[in-house]
2 protein chains.
Amino acid sequence: VNGTALYLEDLVPGAEYTAPQWPVAEADVIRFGQEFDPQPFHVDAAAAAQSLFGGLAASGWHTSAMMMGMATRSELNIVNGIIGLGVEALRFPRAVRPGDTLRLLMQILEVRRSGSTPSHGIVKCRWQAFNQHGELVAEMLPRLWVQARQTSAGEPAKESTDVPA
Amino acid sequence: VNGTALYLEDLVPGAEYTAPQWPVAEADVIRFGQEFDPQPFHVDAAAAAQSLFGGLAASGWHTSAMMMGMATRSELNIVNGIIGLGVEALRFPRAVRPGDTLRLLMQILEVRRSGSTPSHGIVKCRWQAFNQHGELVAEMLPRLWVQARQTSAGEPAKESTDVPA
């Protein structure tokens with residue numbers, strides 16, 4: 001986590017945030033696969049070579065987790081943390097391979113104050129992961145729950161324990 | 001993986017598939033959090049008690065990965081594996097807690113033949129995870145890439161290495 005904590009008022013559509021890169025080790029691909037996605041193309045290099053992936057590839061859930069790992073160590077230092085309400089349009093246009101190095105780009109798309117909880121707001125983002133060749137490997141549109149500096153009435157905002165589903 | 005391998009022709013809208021349950025151990029919640037989502041509410045019980053989660057909660061990416069873990073050990077034994085093209089409407093309506101036991105329900109929503117690759121099709125599903133109280137904790141709409149038994153022209157289908165993005 002880098003820099004001053006960001007409140008809802010600090011997040012502006014169009015703003016972009018980056019993160020430290022993330023190397024994809026073969027041992028990590030296989031370990032994640034064995035625990036959560038034990039299909040041949042994620043855990044067995046020889047079998048993966050015969051599969052439609054043509055070689056070992058990271059589980060899409062591993063790639064998603066790596067994106068979160070980068071986000072939590074990024075410039076997007078939100079005051080109450082990176083709390084995801086949900087994700088739209090998660091896709092994996094290209095395989096993530098052992099030996100790749102991933103890079104995360106986070107862009108703010110929309111910011112709106114919560115109607116029911118005026119101390120907070122909902123921020124829609126686009127998160128994209130690229131490999132070392134600049135190729136897009138994963139993309140998603142997360143909605144984050146972000147504390148405001150002031151309520152919509154201009155009073156100091158306190159942290160709310162109400163998280164909308 | 002259980003039972004006979006399923007082809008595109010075997011997957012029918014409305015069909016439901018279940019999976020072995022998955023216990024959520026506190027050590028696993030913290031370990032996943034430390035690697036991929038090191039925020040206080042995922043890795044530090046004392047700090048989590050003071051957060052808006054009111055106690056340790058699994059990262060949403062951990063929950064998603066556990067859902068995949070259940071799916072790969074389920075009755076949904078697709079011939080070429082569970083290959084996700086993308087996911088819509090991923091959401092986490094309730095926190096997943098250490099000590100919970102998760103249950104996965106997978107429902108087939110839509111089945112359509114690929115236009116460009118008639119040996120395969122795209123199957124839209126609803127996956128829901130429930131805790132031991134029957135409460136919905138996570139939901140998503142994945143699209144899967146599934147091999148057909150026969151092409152749309154009635155010829156035996158061969159595995160294709162073309163995966164649409």
# chains A, B, ... in the order shown; residues from 1 in each chain; ligands from 1
$ interface_residues --of "chain B" --to "chain A" --cutoff "8 Å" --atoms "only C-alpha atoms" --output "JSON, numbers by chain"
{"B": [35, 36, 37, 38, 39, 51, 52, 53, 60, 61, 62, 64, 65, 66, 68, 69, 70, 72, 81, 84, 85, 86, 87, 88, 89, 90, 91, 92, 93, 94, 159, 160, 161, 162, 163, 164, 165]}
$ select_by_dssp --residues "segment 21-154 of chain B" --states "alpha helix (DSSP H)" --output "mmCIF file with N, CA, C and O atoms, in the first residue's frame"
data_model
loop_
_atom_site.group_PDB
_atom_site.id
_atom_site.type_symbol
_atom_site.label_atom_id
_atom_site.label_comp_id
_atom_site.auth_asym_id
_atom_site.auth_seq_id
_atom_site.Cartn_x
_atom_site.Cartn_y
_atom_site.Cartn_z
ATOM 1 N N GLU B 26 -9.813 -21.649 9.307
ATOM 2 C CA GLU B 26 -9.239 -20.326 9.575
ATOM 3 C C GLU B 26 -7.825 -20.213 9.014
ATOM 4 O O GLU B 26 -7.453 -19.182 8.439
ATOM 5 N N ALA B 27 -7.041 -21.270 9.157
ATOM 6 C CA ALA B 27 -5.654 -21.217 8.661
ATOM 7 C C ALA B 27 -5.627 -20.994 7.150
ATOM 8 O O ALA B 27 -4.743 -20.298 6.637
ATOM 9 N N ASP B 28 -6.591 -21.582 6.444
ATOM 10 C CA ASP B 28 -6.635 -21.411 4.987
ATOM 11 C C ASP B 28 -7.062 -19.992 4.610
ATOM 12 O O ASP B 28 -6.545 -19.414 3.649
ATOM 13 N N VAL B 29 -8.030 -19.450 5.351
ATOM 14 C CA VAL B 29 -8.464 -18.061 5.105
ATOM 15 C C VAL B 29 -7.281 -17.110 5.245
ATOM 16 O O VAL B 29 -7.046 -16.239 4.398
ATOM 17 N N ILE B 30 -6.509 -17.282 6.322
ATOM 18 C CA ILE B 30 -5.374 -16.387 6.584
ATOM 19 C C ILE B 30 -4.263 -16.605 5.557
ATOM 20 O O ILE B 30 -3.680 -15.648 5.044
ATOM 21 N N ARG B 31 -3.987 -17.863 5.236
ATOM 22 C CA ARG B 31 -2.911 -18.160 4.271
ATOM 23 C C ARG B 31 -3.243 -17.577 2.902
ATOM 24 O O ARG B 31 -2.396 -16.930 2.260
ATOM 25 N N PHE B 32 -4.476 -17.777 2.421
ATOM 26 C CA PHE B 32 -4.874 -17.203 1.133
ATOM 27 C C PHE B 32 -4.795 -15.681 1.198
ATOM 28 O O PHE B 32 -4.278 -15.022 0.294
ATOM 29 N N GLY B 33 -5.294 -15.120 2.298
ATOM 30 C CA GLY B 33 -5.262 -13.669 2.452
ATOM 31 C C GLY B 33 -3.844 -13.118 2.423
ATOM 32 O O GLY B 33 -3.566 -12.112 1.767
ATOM 33 N N GLN B 34 -2.944 -13.777 3.121
ATOM 34 C CA GLN B 34 -1.565 -13.271 3.167
ATOM 35 C C GLN B 34 -0.929 -13.244 1.783
ATOM 36 O O GLN B 34 -0.168 -12.335 1.459
ATOM 37 N N GLU B 35 -1.271 -14.246 0.946
ATOM 38 C CA GLU B 35 -0.657 -14.308 -0.380
ATOM 39 C C GLU B 35 -1.314 -13.336 -1.365
ATOM 40 O O GLU B 35 -0.619 -12.659 -2.124
ATOM 41 N N PHE B 36 -2.645 -13.259 -1.344
ATOM 42 C CA PHE B 36 -3.353 -12.579 -2.429
ATOM 43 C C PHE B 36 -4.202 -11.382 -1.996
ATOM 44 O O PHE B 36 -4.635 -10.604 -2.844
ATOM 45 N N PRO B 40 -6.567 -6.366 6.622
ATOM 46 C CA PRO B 40 -6.730 -6.820 8.011
ATOM 47 C C PRO B 40 -7.901 -7.786 8.213
ATOM 48 O O PRO B 40 -7.778 -8.754 8.969
ATOM 49 N N PHE B 41 -9.024 -7.538 7.532
ATOM 50 C CA PHE B 41 -10.204 -8.394 7.747
ATOM 51 C C PHE B 41 -10.052 -9.790 7.155
ATOM 52 O O PHE B 41 -10.911 -10.646 7.354
ATOM 53 N N HIS B 42 -8.957 -10.042 6.415
ATOM 54 C CA HIS B 42 -8.715 -11.391 5.897
ATOM 55 C C HIS B 42 -7.563 -12.109 6.608
ATOM 56 O O HIS B 42 -7.415 -13.319 6.436
ATOM 57 N N VAL B 43 -6.732 -11.370 7.341
ATOM 58 C CA VAL B 43 -5.506 -11.991 7.845
ATOM 59 C C VAL B 43 -5.264 -11.809 9.346
ATOM 60 O O VAL B 43 -4.359 -12.446 9.894
ATOM 61 N N ALA B 45 -7.247 -11.591 13.037
ATOM 62 C CA ALA B 45 -8.543 -11.738 13.713
ATOM 63 C C ALA B 45 -8.868 -10.526 14.585
ATOM 64 O O ALA B 45 -10.013 -10.060 14.609
ATOM 65 N N ALA B 46 -7.865 -9.992 15.292
ATOM 66 C CA ALA B 46 -8.130 -8.863 16.192
ATOM 67 C C ALA B 46 -8.500 -7.618 15.392
ATOM 68 O O ALA B 46 -9.483 -6.928 15.701
ATOM 69 N N ALA B 47 -7.719 -7.333 14.345
ATOM 70 C CA ALA B 47 -8.033 -6.169 13.508
ATOM 71 C C ALA B 47 -9.359 -6.371 12.774
ATOM 72 O O ALA B 47 -10.129 -5.421 12.588
ATOM 73 N N ALA B 48 -9.631 -7.605 12.364
ATOM 74 C CA ALA B 48 -10.881 -7.891 11.644
ATOM 75 C C ALA B 48 -12.099 -7.605 12.513
ATOM 76 O O ALA B 48 -13.132 -7.136 12.023
ATOM 77 N N ALA B 49 -11.971 -7.860 13.821
ATOM 78 C CA ALA B 49 -13.097 -7.622 14.736
ATOM 79 C C ALA B 49 -13.470 -6.141 14.766
ATOM 80 O O ALA B 49 -14.624 -5.791 15.010
ATOM 81 N N GLY B 60 -13.057 -12.649 -1.196
ATOM 82 C CA GLY B 60 -13.983 -13.102 -2.237
ATOM 83 C C GLY B 60 -13.300 -13.968 -3.280
ATOM 84 O O GLY B 60 -13.912 -14.876 -3.860
ATOM 85 N N TRP B 61 -12.009 -13.718 -3.507
ATOM 86 C CA TRP B 61 -11.271 -14.541 -4.479
ATOM 87 C C TRP B 61 -10.991 -15.921 -3.920
ATOM 88 O O TRP B 61 -10.910 -16.901 -4.668
ATOM 89 N N HIS B 62 -10.847 -16.019 -2.616
ATOM 90 C CA HIS B 62 -10.722 -17.331 -1.978
ATOM 91 C C HIS B 62 -12.056 -18.082 -2.112
ATOM 92 O O HIS B 62 -12.077 -19.264 -2.480
ATOM 93 N N THR B 63 -13.156 -17.390 -1.849
ATOM 94 C CA THR B 63 -14.470 -18.026 -1.988
ATOM 95 C C THR B 63 -14.678 -18.508 -3.416
ATOM 96 O O THR B 63 -15.148 -19.626 -3.654
ATOM 97 N N SER B 64 -14.324 -17.653 -4.397
ATOM 98 C CA SER B 64 -14.456 -18.052 -5.807
ATOM 99 C C SER B 64 -13.612 -19.296 -6.098
ATOM 100 O O SER B 64 -14.057 -20.222 -6.793
ATOM 101 N N ALA B 65 -12.398 -19.303 -5.566
ATOM 102 C CA ALA B 65 -11.505 -20.443 -5.791
ATOM 103 C C ALA B 65 -12.069 -21.705 -5.132
ATOM 104 O O ALA B 65 -11.983 -22.804 -5.707
ATOM 105 N N MET B 66 -12.661 -21.555 -3.949
ATOM 106 C CA MET B 66 -13.268 -22.728 -3.302
ATOM 107 C C MET B 66 -14.445 -23.247 -4.120
ATOM 108 O O MET B 66 -14.661 -24.466 -4.216
ATOM 109 N N MET B 67 -15.209 -22.347 -4.743
ATOM 110 C CA MET B 67 -16.317 -22.777 -5.612
ATOM 111 C C MET B 67 -15.773 -23.585 -6.786
ATOM 112 O O MET B 67 -16.336 -24.620 -7.164
ATOM 113 N N MET B 68 -14.660 -23.125 -7.360
ATOM 114 C CA MET B 68 -14.035 -23.884 -8.451
ATOM 115 C C MET B 68 -13.535 -25.224 -7.936
ATOM 116 O O MET B 68 -13.658 -26.246 -8.620
ATOM 117 N N GLY B 69 -12.975 -25.219 -6.719
ATOM 118 C CA GLY B 69 -12.503 -26.469 -6.120
ATOM 119 C C GLY B 69 -13.630 -27.481 -5.978
ATOM 120 O O GLY B 69 -13.446 -28.681 -6.265
ATOM 121 N N MET B 70 -14.795 -27.010 -5.557
ATOM 122 C CA MET B 70 -15.943 -27.914 -5.464
ATOM 123 C C MET B 70 -16.391 -28.366 -6.843
ATOM 124 O O MET B 70 -16.694 -29.538 -7.069
ATOM 125 N N ALA B 71 -16.433 -27.426 -7.804
ATOM 126 C CA ALA B 71 -16.920 -27.750 -9.158
ATOM 127 C C ALA B 71 -16.063 -28.831 -9.813
ATOM 128 O O ALA B 71 -16.584 -29.742 -10.469
#
$ atom_distance --atom1 "atom CA of Glu110 of chain A" --atom2 "atom CA of Leu8 of chain A"
11.1 Å
$ residues_around --residues "Arg113 of chain A" --least-positions-apart "5" --cutoff "12 Å" --atoms "only C-alpha atoms" --output "number ranges by chain"
A: 7-9, 11, 118-124, 144-153
$ write_last_selection --atoms "N, CA and C atoms" --output "short mmCIF file (atom, residue, chain, number, x, y, z; two decimals), in the first residue's frame"
data_model
loop_
_atom_site.label_atom_id
_atom_site.label_comp_id
_atom_site.auth_asym_id
_atom_site.auth_seq_id
_atom_site.Cartn_x
_atom_site.Cartn_y
_atom_site.Cartn_z
N TYR A 7 -10.10 8.67 -0.14
CA TYR A 7 -11.53 8.65 0.17
C TYR A 7 -12.32 8.74 -1.12
N LEU A 8 -13.65 8.55 -0.97
CA LEU A 8 -14.54 8.59 -2.13
C LEU A 8 -14.32 9.85 -2.97
N GLU A 9 -14.14 11.00 -2.27
CA GLU A 9 -14.00 12.27 -2.98
C GLU A 9 -12.72 12.33 -3.82
N LEU A 11 -11.51 9.89 -5.69
CA LEU A 11 -11.55 8.96 -6.83
C LEU A 11 -12.38 9.60 -7.95
N PRO A 118 -25.03 7.43 3.20
CA PRO A 118 -24.39 8.59 2.57
C PRO A 118 -22.95 8.81 3.01
N SER A 119 -22.46 8.01 3.97
CA SER A 119 -21.06 8.09 4.36
C SER A 119 -20.16 7.33 3.39
N HIS A 120 -20.74 6.61 2.46
CA HIS A 120 -19.97 5.76 1.56
C HIS A 120 -20.47 5.91 0.13
N GLY A 121 -19.71 5.33 -0.77
CA GLY A 121 -20.13 5.32 -2.16
C GLY A 121 -19.67 4.06 -2.86
N ILE A 122 -20.12 3.92 -4.10
CA ILE A 122 -19.79 2.75 -4.91
C ILE A 122 -18.98 3.23 -6.10
N VAL A 123 -17.83 2.62 -6.30
CA VAL A 123 -16.90 3.01 -7.35
C VAL A 123 -16.75 1.85 -8.31
N LYS A 124 -17.15 2.09 -9.55
CA LYS A 124 -16.99 1.06 -10.58
C LYS A 124 -15.66 1.27 -11.28
N LEU A 144 -16.46 -1.26 -6.03
CA LEU A 144 -15.85 -1.16 -4.71
C LEU A 144 -16.71 -0.30 -3.79
N TRP A 145 -16.62 -0.60 -2.49
CA TRP A 145 -17.37 0.11 -1.44
C TRP A 145 -16.37 1.03 -0.74
N VAL A 146 -16.55 2.35 -0.89
CA VAL A 146 -15.51 3.30 -0.48
C VAL A 146 -16.07 4.33 0.49
N GLN A 147 -15.37 4.52 1.58
CA GLN A 147 -15.76 5.51 2.58
C GLN A 147 -15.52 6.93 2.07
N ALA A 148 -16.47 7.83 2.36
CA ALA A 148 -16.33 9.24 1.99
C ALA A 148 -15.66 10.01 3.12
N ARG A 149 -15.05 11.15 2.75
CA ARG A 149 -14.46 12.03 3.77
C ARG A 149 -15.57 12.76 4.52
N GLN A 150 -16.57 13.17 3.77
CA GLN A 150 -17.74 13.84 4.34
C GLN A 150 -19.00 13.18 3.83
N THR A 151 -20.05 13.21 4.63
CA THR A 151 -21.34 12.73 4.13
C THR A 151 -21.85 13.68 3.06
N SER A 152 -22.89 13.27 2.38
CA SER A 152 -23.47 14.14 1.35
C SER A 152 -24.03 15.42 1.98
N ALA A 153 -24.31 15.39 3.30
CA ALA A 153 -24.79 16.60 4.00
C ALA A 153 -23.63 17.46 4.50
#
$ select_by_dssp --residues "chain A" --states "strand (DSSP E)" --output "PyMOL selection string"
chain A and resi 16-18+22-23+84-91+101-113+120-130+136-147
$ residues_around --residues "Gln132 of chain A" --least-positions-apart "4" --cutoff "9 Å" --atoms "only C-alpha atoms" --output "PyMOL selection string"
chain A and resi 100-103
$ write_last_selection --atoms "C-alpha atoms" --output "JSON list (two decimals), in the first residue's frame"
[["chain", "number", "residue", "atom", "x", "y", "z"],
["A", 100, "ASP", "CA", 4.99, -14.62, -17.30],
["A", 101, "THR", "CA", 5.17, -11.34, -15.39],
["A", 102, "LEU", "CA", 1.81, -9.67, -14.88],
["A", 103, "ARG", "CA", 1.10, -5.96, -14.73]]
$ residues_around --residues "Pro13 of chain B" --least-positions-apart "5" --cutoff "8 Å" --atoms "only C-alpha atoms" --output "PyMOL selection string"
chain B and resi 107-111
$ atom_distance --atom1 "atom CA of Asp44 of chain A" --atom2 "atom CA of Leu104 of chain B"
25.8 Å
$ atom_distance --atom1 "atom CA of Leu76 of chain A" --atom2 "atom CA of Glu16 of chain A"
8.9 Å
$ residues_around --residues "Thr18 of chain A" --least-positions-apart "4" --cutoff "7 Å" --atoms "only C-alpha atoms" --output "MDAnalysis selection string"
chainID A and resid 74:75 104:106
$ closest_residue --among "B:Ile78, B:Ala157, B:Ala19, B:Ala25" --to "Gln128 of chain B" --atoms "only C-alpha atoms"
B:Ala19
